file work_18.pdb (PDB, C-alpha atoms)
MODEL        1
ATOM      1  CA  MET A   1       1.893  71.597 -38.742
ATOM      2  CA  GLY A   2       2.699  72.424 -35.158
ATOM      3  CA  ASP A   3       6.111  71.268 -33.920
ATOM      4  CA  GLN A   4       7.417  71.323 -37.380
ATOM      5  CA  ALA A   5       5.046  71.488 -38.804
ATOM      6  CA  GLY A   6     -15.555  61.701 -23.273
ATOM      7  CA  ARG A   7     -15.038  59.152 -26.338
ATOM      8  CA  VAL A   8     -18.044  58.613 -28.610
ATOM      9  CA  SER A   9     -19.586  55.292 -27.737
ATOM     10  CA  THR A  10     -19.976  52.608 -30.359
ATOM     11  CA  SER A  11     -22.116  49.509 -30.320
ATOM     12  CA  ARG A  12     -20.185  46.415 -29.225
ATOM     13  CA  PRO A  13     -21.204  42.787 -28.876
ATOM     14  CA  ALA A  14     -21.518  41.274 -25.426
ATOM     15  CA  PHE A  15     -18.141  40.746 -23.743
ATOM     16  CA  SER A  16     -18.645  37.004 -23.688
ATOM     17  CA  ILE A  17     -18.414  36.792 -27.471
ATOM     18  CA  LEU A  18     -15.547  39.200 -27.992
ATOM     19  CA  GLY A  19     -12.366  37.855 -29.519
ATOM     20  CA  LEU A  20      -9.043  38.128 -27.699
ATOM     21  CA  GLU A  21      -7.973  41.274 -29.582
ATOM     22  CA  ASP A  22     -11.306  43.001 -28.861
ATOM     23  CA  CYS A  23     -10.992  42.071 -25.185
ATOM     24  CA  VAL A  24      -7.540  43.653 -25.013
ATOM     25  CA  LEU A  25      -8.824  46.804 -26.750
ATOM     26  CA  LEU A  26     -11.811  47.051 -24.407
ATOM     27  CA  PHE A  27      -9.596  46.571 -21.366
ATOM     28  CA  ASN A  28      -7.204  49.228 -22.660
ATOM     29  CA  ARG A  29     -10.048  51.715 -23.168
ATOM     30  CA  VAL A  30     -11.322  51.166 -19.621
ATOM     31  CA  LEU A  31      -7.836  51.528 -18.146
ATOM     32  CA  LEU A  32      -7.189  54.669 -20.179
ATOM     33  CA  CYS A  33     -10.427  56.173 -18.837
ATOM     34  CA  VAL A  34      -9.155  55.501 -15.314
ATOM     35  CA  VAL A  35      -5.821  57.167 -16.164
ATOM     36  CA  VAL A  36      -7.540  60.282 -17.530
ATOM     37  CA  PHE A  37     -10.101  60.501 -14.723
ATOM     38  CA  THR A  38      -7.429  60.174 -12.051
ATOM     39  CA  SER A  39      -5.117  62.751 -13.626
ATOM     40  CA  LEU A  40      -7.642  65.505 -14.448
ATOM     41  CA  ASN A  41      -6.831  68.839 -12.844
ATOM     42  CA  GLY A  42      -9.592  70.877 -14.443
ATOM     43  CA  CYS A  43     -10.338  71.961 -17.978
ATOM     44  CA  GLY A  44      -9.328  75.619 -17.802
ATOM     45  CA  GLY A  45      -6.245  77.596 -16.914
ATOM     46  CA  ASN A  46      -3.682  79.837 -18.486
ATOM     47  CA  GLY A  47      -1.174  77.195 -19.504
ATOM     48  CA  GLN A  48       1.766  76.079 -17.402
ATOM     49  CA  GLU A  49       5.423  76.885 -16.971
ATOM     50  CA  ASP A  50       6.347  73.246 -16.371
ATOM     51  CA  PRO A  51       4.658  69.911 -17.155
ATOM     52  CA  GLN A  52       2.165  68.936 -14.492
ATOM     53  CA  SER A  53       2.804  65.558 -12.874
ATOM     54  CA  SER A  54       0.571  63.052 -11.185
ATOM     55  CA  ALA A  55       1.137  59.701  -9.513
ATOM     56  CA  PRO A  56       2.332  56.999 -11.926
ATOM     57  CA  LEU A  57      -0.441  54.747 -13.173
ATOM     58  CA  PRO A  58      -0.150  51.429 -15.018
ATOM     59  CA  LEU A  59      -0.405  51.560 -18.795
ATOM     60  CA  PRO A  60      -2.490  48.992 -20.685
ATOM     61  CA  THR A  61      -0.981  46.066 -22.545
ATOM     62  CA  PRO A  62       0.088  47.024 -26.092
ATOM     63  CA  VAL A  63      -2.230  45.684 -28.795
ATOM     64  CA  GLN A  64      -0.710  42.805 -30.761
ATOM     65  CA  GLY A  65      -1.050  42.351 -34.505
ATOM     66  CA  GLU A  66       0.467  42.926 -37.936
ATOM     67  CA  TRP A  67       1.002  46.412 -39.395
ATOM     68  CA  TYR A  68       3.736  48.507 -40.966
ATOM     69  CA  SER A  69       6.753  48.787 -38.666
ATOM     70  CA  PRO A  70       9.856  50.118 -40.467
ATOM     71  CA  ALA A  71      13.258  48.927 -39.305
ATOM     72  CA  LEU A  72      16.453  50.911 -38.828
ATOM     73  CA  GLY A  73      17.932  52.223 -42.042
ATOM     74  CA  THR A  74      14.588  52.725 -43.803
ATOM     75  CA  THR A  75      14.893  55.556 -46.324
ATOM     76  CA  TRP A  76      12.190  58.211 -46.497
ATOM     77  CA  GLN A  77      10.879  61.422 -47.975
ATOM     78  CA  TRP A  78       8.821  63.930 -45.992
ATOM     79  CA  GLN A  79       6.667  66.401 -47.901
ATOM     80  CA  LEU A  80       3.614  68.119 -46.430
ATOM     81  CA  SER A  81       3.079  71.024 -48.844
ATOM     82  CA  GLY A  82       3.410  71.822 -52.524
ATOM     83  CA  ASP A  83       2.924  69.485 -55.480
ATOM     84  CA  LEU A  84       3.937  66.024 -54.322
ATOM     85  CA  ASN A  85       7.140  64.769 -55.931
ATOM     86  CA  THR A  86       6.841  60.969 -56.101
ATOM     87  CA  GLN A  87      10.152  60.374 -57.898
ATOM     88  CA  TYR A  88      12.514  59.801 -54.951
ATOM     89  CA  ASP A  89      14.026  56.328 -54.660
ATOM     90  CA  VAL A  90      13.086  55.726 -51.035
ATOM     91  CA  ASP A  91      11.287  53.096 -48.985
ATOM     92  CA  VAL A  92       8.559  55.300 -47.534
ATOM     93  CA  TYR A  93       6.853  58.648 -48.087
ATOM     94  CA  ASP A  94       5.419  60.726 -45.222
ATOM     95  CA  VAL A  95       2.618  62.929 -46.629
ATOM     96  CA  ASP A  96      -0.341  64.997 -45.431
ATOM     97  CA  LEU A  97      -3.408  62.850 -44.732
ATOM     98  CA  PHE A  98      -5.929  65.396 -46.012
ATOM     99  CA  ASP A  99      -3.993  66.714 -48.990
ATOM    100  CA  VAL A 100      -2.693  63.461 -50.462
ATOM    101  CA  SER A 101      -4.965  61.892 -53.058
ATOM    102  CA  GLU A 102      -5.795  58.215 -53.205
ATOM    103  CA  SER A 103      -4.268  58.139 -56.687
ATOM    104  CA  HIS A 104      -0.960  59.448 -55.301
ATOM    105  CA  ILE A 105      -0.980  56.745 -52.639
ATOM    106  CA  ALA A 106      -1.779  54.094 -55.235
ATOM    107  CA  ASN A 107       1.040  55.428 -57.408
ATOM    108  CA  LEU A 108       3.523  55.213 -54.537
ATOM    109  CA  HIS A 109       2.375  51.695 -53.715
ATOM    110  CA  SER A 110       2.812  50.683 -57.358
ATOM    111  CA  GLN A 111       6.460  51.759 -57.007
ATOM    112  CA  GLY A 112       6.891  49.508 -53.975
ATOM    113  CA  LYS A 113       6.848  52.387 -51.491
ATOM    114  CA  GLN A 114       5.033  52.547 -48.164
ATOM    115  CA  VAL A 115       2.976  55.613 -47.190
ATOM    116  CA  ILE A 116       2.807  57.319 -43.797
ATOM    117  CA  CYS A 117      -0.033  59.841 -43.443
ATOM    118  CA  TYR A 118       0.498  62.925 -41.296
ATOM    119  CA  PHE A 119      -2.167  64.734 -39.256
ATOM    120  CA  SER A 120      -2.090  66.940 -36.184
ATOM    121  CA  ALA A 121      -3.587  65.121 -33.208
ATOM    122  CA  GLY A 122      -2.926  67.748 -30.554
ATOM    123  CA  SER A 123      -3.773  70.960 -32.366
ATOM    124  CA  TYR A 124      -6.736  72.522 -34.149
ATOM    125  CA  GLU A 125      -6.191  73.683 -37.743
ATOM    126  CA  GLN A 126      -9.089  75.798 -38.936
ATOM    127  CA  TRP A 127      -8.568  74.949 -42.615
ATOM    128  CA  ARG A 128      -9.104  71.191 -42.204
ATOM    129  CA  GLU A 129     -12.282  69.663 -43.604
ATOM    130  CA  ASP A 130     -13.361  68.381 -40.183
ATOM    131  CA  ALA A 131     -12.643  71.651 -38.307
ATOM    132  CA  ALA A 132     -16.339  72.292 -37.575
ATOM    133  CA  GLN A 133     -16.492  69.109 -35.480
ATOM    134  CA  PHE A 134     -14.349  70.593 -32.686
ATOM    135  CA  PRO A 135     -16.414  72.236 -29.906
ATOM    136  CA  ALA A 136     -15.194  75.679 -28.877
ATOM    137  CA  HIS A 137     -14.287  74.676 -25.338
ATOM    138  CA  VAL A 138     -11.564  72.237 -26.492
ATOM    139  CA  LEU A 139      -9.645  75.009 -28.304
ATOM    140  CA  GLY A 140      -6.762  76.443 -26.304
ATOM    141  CA  ASP A 141      -3.834  78.773 -26.835
ATOM    142  CA  THR A 142      -2.123  79.273 -30.177
ATOM    143  CA  LEU A 143       1.014  77.291 -30.911
ATOM    144  CA  ASP A 144       4.307  79.109 -30.615
ATOM    145  CA  GLY A 145       5.402  79.918 -34.150
ATOM    146  CA  TRP A 146       2.161  78.650 -35.720
ATOM    147  CA  GLU A 147      -0.386  81.373 -35.094
ATOM    148  CA  ASP A 148      -3.103  79.706 -37.167
ATOM    149  CA  GLU A 149      -3.150  76.627 -34.899
ATOM    150  CA  ARG A 150      -4.530  76.168 -31.385
ATOM    151  CA  TRP A 151      -3.784  73.503 -28.818
ATOM    152  CA  LEU A 152      -6.531  70.992 -28.048
ATOM    153  CA  ASP A 153      -7.810  69.724 -24.715
ATOM    154  CA  ILE A 154      -6.819  66.110 -25.316
ATOM    155  CA  ARG A 155      -8.758  65.000 -22.226
ATOM    156  CA  ASP A 156     -12.077  65.650 -23.957
ATOM    157  CA  GLU A 157     -13.641  62.515 -25.447
ATOM    158  CA  ARG A 158     -14.681  64.376 -28.610
ATOM    159  CA  VAL A 159     -11.086  65.174 -29.497
ATOM    160  CA  LEU A 160     -10.114  61.520 -29.427
ATOM    161  CA  ALA A 161     -13.254  60.601 -31.373
ATOM    162  CA  ILE A 162     -12.241  63.023 -34.142
ATOM    163  CA  MET A 163      -8.749  61.512 -34.179
ATOM    164  CA  ASP A 164     -10.284  58.052 -34.487
ATOM    165  CA  SER A 165     -12.149  59.318 -37.548
ATOM    166  CA  ARG A 166      -8.912  60.637 -39.020
ATOM    167  CA  ILE A 167      -7.290  57.259 -38.513
ATOM    168  CA  GLU A 168     -10.243  55.654 -40.276
ATOM    169  CA  LEU A 169      -9.722  58.129 -43.129
ATOM    170  CA  ALA A 170      -6.090  57.022 -43.319
ATOM    171  CA  LYS A 171      -7.234  53.423 -43.502
ATOM    172  CA  SER A 172      -9.773  54.193 -46.228
ATOM    173  CA  LYS A 173      -7.080  55.925 -48.286
ATOM    174  CA  GLU A 174      -4.863  52.846 -47.811
ATOM    175  CA  CYS A 175      -2.114  54.602 -45.881
ATOM    176  CA  ASP A 176       0.265  52.123 -44.261
ATOM    177  CA  ALA A 177       0.844  54.139 -41.084
ATOM    178  CA  VAL A 178       0.028  57.460 -39.455
ATOM    179  CA  GLU A 179       2.127  60.249 -37.958
ATOM    180  CA  PRO A 180       0.069  62.181 -35.378
ATOM    181  CA  ASP A 181       1.723  65.518 -34.604
ATOM    182  CA  ASN A 182       1.718  67.746 -31.506
ATOM    183  CA  VAL A 183       1.460  64.880 -29.029
ATOM    184  CA  ASP A 184       3.515  66.693 -26.386
ATOM    185  CA  GLY A 185       1.084  69.436 -25.424
ATOM    186  CA  TYR A 186       1.598  68.816 -21.725
ATOM    187  CA  THR A 187       5.068  70.421 -22.014
ATOM    188  CA  ASN A 188       3.693  73.536 -23.718
ATOM    189  CA  HIS A 189       1.490  76.529 -22.905
ATOM    190  CA  THR A 190      -1.785  75.019 -24.087
ATOM    191  CA  GLY A 191      -4.323  76.902 -21.975
ATOM    192  CA  PHE A 192      -5.144  73.640 -20.204
ATOM    193  CA  ASN A 193      -3.568  72.012 -17.152
ATOM    194  CA  LEU A 194      -2.474  68.890 -18.994
ATOM    195  CA  THR A 195      -0.449  66.353 -17.048
ATOM    196  CA  HIS A 196       2.144  63.779 -17.986
ATOM    197  CA  GLU A 197      -0.520  61.110 -17.446
ATOM    198  CA  ASP A 198      -3.068  62.921 -19.633
ATOM    199  CA  GLN A 199      -0.560  62.893 -22.471
ATOM    200  CA  LEU A 200       0.351  59.247 -21.969
ATOM    201  CA  ALA A 201      -3.306  58.246 -21.991
ATOM    202  CA  PHE A 202      -4.004  60.200 -25.174
ATOM    203  CA  ASN A 203      -0.929  58.902 -26.992
ATOM    204  CA  VAL A 204      -1.591  55.289 -26.046
ATOM    205  CA  ALA A 205      -5.205  55.689 -27.182
ATOM    206  CA  LEU A 206      -3.961  56.945 -30.568
ATOM    207  CA  SER A 207      -1.702  53.897 -30.810
ATOM    208  CA  ASP A 208      -4.557  51.542 -29.953
ATOM    209  CA  SER A 209      -6.801  53.169 -32.544
ATOM    210  CA  ALA A 210      -4.184  52.978 -35.305
ATOM    211  CA  HIS A 211      -3.323  49.376 -34.540
ATOM    212  CA  ALA A 212      -6.989  48.385 -34.372
ATOM    213  CA  ALA A 213      -7.256  49.794 -37.913
ATOM    214  CA  GLY A 214      -4.250  47.735 -39.006
ATOM    215  CA  LEU A 215      -1.987  50.782 -39.352
ATOM    216  CA  GLY A 216       1.461  51.453 -37.984
ATOM    217  CA  ILE A 217       1.970  54.611 -35.943
ATOM    218  CA  GLY A 218       4.943  56.873 -35.282
ATOM    219  CA  LEU A 219       5.739  58.871 -32.150
ATOM    220  CA  LYS A 220       6.350  62.502 -33.121
ATOM    221  CA  ASN A 221       8.959  64.175 -30.902
ATOM    222  CA  ASP A 222       7.642  63.847 -27.261
ATOM    223  CA  LEU A 223      11.142  62.908 -26.140
ATOM    224  CA  ASP A 224      10.372  62.880 -22.416
ATOM    225  CA  GLN A 225       7.899  59.995 -22.766
ATOM    226  CA  ILE A 226       9.836  57.745 -25.138
ATOM    227  CA  ILE A 227      10.794  55.142 -22.538
ATOM    228  CA  GLU A 228       7.136  54.677 -21.602
ATOM    229  CA  LEU A 229       5.748  54.849 -25.140
ATOM    230  CA  VAL A 230       8.224  52.909 -27.276
ATOM    231  CA  PRO A 231       6.273  49.622 -26.821
ATOM    232  CA  TYR A 232       3.175  51.288 -28.324
ATOM    233  CA  PHE A 233       4.779  52.972 -31.351
ATOM    234  CA  ASP A 234       6.348  51.439 -34.457
ATOM    235  CA  PHE A 235       8.795  54.204 -35.369
ATOM    236  CA  ALA A 236       9.757  57.725 -34.346
ATOM    237  CA  VAL A 237       9.589  60.992 -36.283
ATOM    238  CA  ASN A 238      11.890  63.610 -34.832
ATOM    239  CA  GLU A 239      12.741  67.203 -35.650
ATOM    240  CA  GLN A 240      16.014  68.894 -34.816
ATOM    241  CA  CYS A 241      17.408  66.554 -32.182
ATOM    242  CA  PHE A 242      20.929  67.231 -33.487
ATOM    243  CA  GLU A 243      20.389  70.983 -33.402
ATOM    244  CA  TYR A 244      19.254  70.798 -29.773
ATOM    245  CA  SER A 245      21.531  67.908 -28.639
ATOM    246  CA  GLU A 246      18.598  65.650 -27.764
ATOM    247  CA  CYS A 247      19.253  62.611 -29.958
ATOM    248  CA  GLU A 248      20.268  60.269 -27.138
ATOM    249  CA  ALA A 249      16.655  60.298 -25.948
ATOM    250  CA  LEU A 250      15.707  58.321 -29.099
ATOM    251  CA  GLN A 251      17.981  55.395 -28.275
ATOM    252  CA  PRO A 252      15.096  53.167 -27.058
ATOM    253  CA  PHE A 253      13.710  53.122 -30.621
ATOM    254  CA  ILE A 254      17.149  52.232 -31.967
ATOM    255  CA  ASN A 255      17.483  49.434 -29.395
ATOM    256  CA  ALA A 256      14.097  48.073 -30.524
ATOM    257  CA  ASN A 257      15.152  48.160 -34.220
ATOM    258  CA  LYS A 258      12.437  50.717 -34.951
ATOM    259  CA  ALA A 259      13.210  53.407 -37.520
ATOM    260  CA  VAL A 260      14.009  56.920 -36.342
ATOM    261  CA  PHE A 261      13.060  59.374 -39.095
ATOM    262  CA  ASN A 262      14.907  62.602 -38.313
ATOM    263  CA  ALA A 263      14.673  66.000 -40.019
ATOM    264  CA  GLU A 264      17.019  68.937 -39.506
ATOM    265  CA  TYR A 265      16.409  72.494 -40.735
ATOM    266  CA  HIS A 266      19.355  74.624 -39.597
ATOM    267  CA  SER A 267      20.991  76.728 -42.298
ATOM    268  CA  ARG A 268      24.493  75.467 -41.509
ATOM    269  CA  TRP A 269      23.518  72.021 -42.750
ATOM    270  CA  VAL A 270      21.712  73.465 -45.749
ATOM    271  CA  ASN A 271      24.554  75.727 -46.890
ATOM    272  CA  ASP A 272      27.750  74.068 -45.616
ATOM    273  CA  GLU A 273      28.564  70.766 -47.293
ATOM    274  CA  THR A 274      31.308  69.921 -44.786
ATOM    275  CA  ALA A 275      29.012  70.553 -41.817
ATOM    276  CA  ARG A 276      26.333  68.460 -43.477
ATOM    277  CA  ALA A 277      28.779  65.596 -43.997
ATOM    278  CA  ASP A 278      29.666  65.710 -40.282
ATOM    279  CA  LEU A 279      25.970  65.656 -39.388
ATOM    280  CA  CYS A 280      25.371  62.657 -41.632
ATOM    281  CA  GLU A 281      28.337  60.796 -40.149
ATOM    282  CA  GLN A 282      26.854  61.216 -36.681
ATOM    283  CA  ALA A 283      23.323  60.356 -37.803
ATOM    284  CA  ASN A 284      24.388  57.223 -39.678
ATOM    285  CA  ALA A 285      26.498  56.044 -36.761
ATOM    286  CA  MET A 286      23.423  56.338 -34.513
ATOM    287  CA  GLY A 287      21.181  54.456 -36.965
ATOM    288  CA  PHE A 288      18.986  57.463 -37.813
ATOM    289  CA  SER A 289      17.339  58.099 -41.179
ATOM    290  CA  THR A 290      18.213  61.794 -41.407
ATOM    291  CA  LEU A 291      17.133  64.418 -43.935
ATOM    292  CA  VAL A 292      17.997  68.121 -44.172
ATOM    293  CA  LEU A 293      14.829  69.834 -45.365
ATOM    294  CA  PRO A 294      13.056  73.200 -45.615
ATOM    295  CA  LEU A 295      10.951  73.978 -42.552
ATOM    296  CA  VAL A 296       7.781  74.196 -44.643
ATOM    297  CA  LEU A 297       8.463  70.701 -46.070
ATOM    298  CA  ASP A 298       7.649  71.730 -49.624
ATOM    299  CA  ASP A 299      10.404  69.791 -51.471
ATOM    300  CA  SER A 300      12.191  73.004 -52.472
ATOM    301  CA  PHE A 301      15.420  71.219 -51.506
ATOM    302  CA  ARG A 302      16.390  67.899 -49.935
ATOM    303  CA  PHE A 303      19.625  66.395 -48.613
ATOM    304  CA  SER A 304      19.620  62.771 -47.444
ATOM    305  CA  CYS A 305      22.230  61.144 -45.220
ATOM    306  CA  LEU A 306      21.373  57.658 -46.522
TER     307      LEU A 306
ENDMDL
END
call {"tool": "encode", "arguments": {"input": "work_18.pdb", "output": "structure tokens"}}
result
Amino acid sequence: MGDQAGRVSTSRPAFSILGLEDCVLLFNRVLLCVVVFTSLNGCGGNGQEDPQSSAPLPLPTPVQGEWYSPALGTTWQWQLSGDLNTQYDVDVYDVDLFDVSESHIANLHSQGKQVICYFSAGSYEQWREDAAQFPAHVLGDTLDGWEDERWLDIRDERVLAIMDSRIELAKSKECDAVEPDNVDGYTNHTGFNLTHEDQLAFNVALSDSAHAAGLGIGLKNDLDQIIELVPYFDFAVNEQCFEYSECEALQPFINANKAVFNAEYHSRWVNDETARADLCEQANAMGFSTLVLPLVLDDSFRFSCL
């Protein structure tokens, strides 16, 4: 659950018969390869104290199309563990991609709810059904606070190929959008010398893949890259920006009328009704969809500001 919680080639028709959307996707893939190749600083290392930087490079044009893009004020429930409670009167559920059943998704859809499917894109979780697909050399340091997860070398094409497969799984289950987690590895001790540009390239590639599948996609945390990435993402999922006084960084999503789904865990908002009311007043004034939840996201309690 992480923060909370070379690409495999495919056969394509000749460029001359590609449609406009395919042309944009192909161009984006080529440009992303240039971004990654230019920003590589080696595949080893002992992590980094500060994010590594490289010269700014142009990002590809965002893919255009129709997919789920929730607006400000969208209500939500976030549950990633335990028996799924489908009884909340909300607009959207955010659930674990692997654990949620197709029948649960169908049930939520029958109630008029949208479904966002969570998976970790930047970390390795040994209990996942596709864990054997990750080669050993892409597995880095353990995540702080999550000792059963390891950071991934997001520059390796096989990592992105596995994430493409996860997005296809989300499509096959009829999820409406995806929430890839741990997409800010370049600011952490990963065991790899990841740069700002490496992270941008990976995150934009995830966006392209989701949109090509007809799915919306949310940006999880990664506050330092919001200005660059907001055109590529349809909503934000944030943890603890009020606790750490970081919420102003999410303003670009608010300005774009894209939902900001925010979760807070601190005990003062769990146990103090007056403090929680003050939090909700701030969150509602900013346009956030804020919940106070247990860190393990098991539905053991839930307070909603909307």
call {"tool": "closest_residue", "arguments": {"input": "work_18.pdb", "among": "A:Pro70, A:Ala170, A:Pro62, A:Leu297", "to": "A:Phe253", "atoms": "only C-alpha atoms"}}
result
A:Pro70
call {"tool": "closest_residue", "arguments": {"input": "work_18.pdb", "among": "A:Asp148, A:Phe98, A:Gly65, A:Asn238", "to": "A:His211", "atoms": "all atoms listed in the file"}}
result
A:Gly65
call {"tool": "resolve_selection", "arguments": {"input": "work_18.pdb", "expression": "the PyMOL selection byres ((chain A and resi 306) around 9)", "output": "PDB file with C-alpha atoms, keeping the file's coordinate frame"}}
result
ATOM      1  CA  GLY A  73      17.932  52.223 -42.042  1.00  0.00           C
ATOM      2  CA  THR A  74      14.588  52.725 -43.803  1.00  0.00           C
ATOM      3  CA  THR A  75      14.893  55.556 -46.324  1.00  0.00           C
ATOM      4  CA  CYS A 280      25.371  62.657 -41.632  1.00  0.00           C
ATOM      5  CA  ASN A 284      24.388  57.223 -39.678  1.00  0.00           C
ATOM      6  CA  SER A 289      17.339  58.099 -41.179  1.00  0.00           C
ATOM      7  CA  THR A 290      18.213  61.794 -41.407  1.00  0.00           C
ATOM      8  CA  LEU A 291      17.133  64.418 -43.935  1.00  0.00           C
ATOM      9  CA  SER A 304      19.620  62.771 -47.444  1.00  0.00           C
ATOM     10  CA  CYS A 305      22.230  61.144 -45.220  1.00  0.00           C
TER      11      CYS A 305
END
call {"tool": "resolve_selection", "arguments": {"input": "work_18.pdb", "expression": "the PyMOL selection byres ((chain A and resi 262-276) around 6)", "output": "list in words"}}
result
Val237, Asn238, Glu239, Gln240, Phe261, Ala277, Asp278, Leu279, Ser289, Thr290, Leu291, Val292, Leu293, Pro294 and Leu295 of chain A
call {"tool": "closest_residue", "arguments": {"input": "work_18.pdb", "among": "A:Gln111, A:Met163, A:His104, A:Pro58", "to": "A:Ala201", "atoms": "all atoms listed in the file"}}
result
A:Pro58
call {"tool": "resolve_selection", "arguments": {"input": "work_18.pdb", "expression": "the PyMOL selection byres ((chain A and resi 134) around 12)", "output": "count of residues only"}}
result
30
call {"tool": "residues_near_point", "arguments": {"input": "work_18.pdb", "point": "(5.6, 63.6, -46.2)", "cutoff": "7 Å", "atoms": "only C-alpha atoms", "output": "VMD selection string"}}
result
chain A and resid 77 to 80 93 to 96
call {"tool": "residues_around", "arguments": {"input": "work_18.pdb", "residues": "A:Ala259", "least_positions_apart": "3", "cutoff": "6 Å", "atoms": "all atoms listed in the file", "output": "list in words"}}
result
Pro70, Ala71, Leu72 and Phe235 of chain A
call {"tool": "residues_around", "arguments": {"input": "work_18.pdb", "residues": "A:Val92", "least_positions_apart": "2", "cutoff": "6 Å", "atoms": "all atoms listed in the file", "output": "MDAnalysis selection string"}}
result
chainID A and resid 76 90 113:115
call {"tool": "atom_distance", "arguments": {"input": "work_18.pdb", "atom1": "atom CA of A:Asn257", "atom2": "atom CA of A:Glu197"}}
result
26.4 Å
call {"tool": "decode", "arguments": {"input": "work_18.pdb", "residues": "stretch 170-183 of chain A", "atoms": "N, CA, C and O atoms", "output": "CSV table (one decimal), in the first residue's frame"}}
result
chain,number,residue,atom,x,y,z
A,170,ALA,N,-7.8,-3.9,-15.0
A,170,ALA,CA,-8.8,-3.0,-14.5
A,170,ALA,C,-9.9,-2.8,-15.6
A,170,ALA,O,-11.1,-2.7,-15.3
A,171,LYS,N,-9.5,-2.7,-16.8
A,171,LYS,CA,-10.4,-2.6,-17.9
A,171,LYS,C,-11.3,-3.8,-18.0
A,171,LYS,O,-12.5,-3.7,-18.1
A,172,SER,N,-10.7,-5.0,-17.9
A,172,SER,CA,-11.5,-6.2,-18.0
A,172,SER,C,-12.5,-6.4,-16.9
A,172,SER,O,-13.5,-7.0,-17.0
A,173,LYS,N,-12.1,-5.9,-15.7
A,173,LYS,CA,-13.0,-5.9,-14.6
A,173,LYS,C,-14.1,-4.8,-14.6
A,173,LYS,O,-15.0,-4.8,-13.7
A,174,GLU,N,-14.0,-3.9,-15.6
A,174,GLU,CA,-14.9,-2.8,-15.8
A,174,GLU,C,-14.8,-1.7,-14.7
A,174,GLU,O,-15.8,-1.1,-14.3
A,175,CYS,N,-13.5,-1.5,-14.2
A,175,CYS,CA,-13.3,-0.4,-13.4
A,175,CYS,C,-13.5,0.9,-14.3
A,175,CYS,O,-13.3,0.8,-15.5
A,176,ASP,N,-13.8,2.0,-13.7
A,176,ASP,CA,-13.9,3.2,-14.4
A,176,ASP,C,-12.7,4.1,-14.4
A,176,ASP,O,-12.5,4.9,-15.3
A,177,ALA,N,-11.8,3.8,-13.5
A,177,ALA,CA,-10.5,4.6,-13.4
A,177,ALA,C,-9.5,3.8,-12.6
A,177,ALA,O,-9.9,2.8,-11.9
A,178,VAL,N,-8.3,4.2,-12.6
A,178,VAL,CA,-7.3,3.5,-11.8
A,178,VAL,C,-6.6,4.6,-10.9
A,178,VAL,O,-6.5,5.8,-11.2
A,179,GLU,N,-6.0,4.1,-9.8
A,179,GLU,CA,-5.3,4.9,-8.8
A,179,GLU,C,-3.9,4.2,-8.6
A,179,GLU,O,-3.8,3.3,-7.8
A,180,PRO,N,-2.9,4.5,-9.4
A,180,PRO,CA,-1.6,3.9,-9.2
A,180,PRO,C,-0.9,4.6,-8.1
A,180,PRO,O,-0.7,5.8,-8.0
A,181,ASP,N,-0.4,3.8,-7.2
A,181,ASP,CA,0.3,4.3,-5.9
A,181,ASP,C,1.8,4.3,-6.1
A,181,ASP,O,2.4,3.7,-7.0
A,182,ASN,N,2.4,5.1,-5.2
A,182,ASN,CA,3.9,5.1,-5.1
A,182,ASN,C,4.5,5.6,-6.4
A,182,ASN,O,5.5,5.0,-6.9
A,183,VAL,N,4.0,6.7,-6.9
A,183,VAL,CA,4.5,7.3,-8.1
A,183,VAL,C,5.4,8.5,-7.8
A,183,VAL,O,5.5,9.4,-8.7
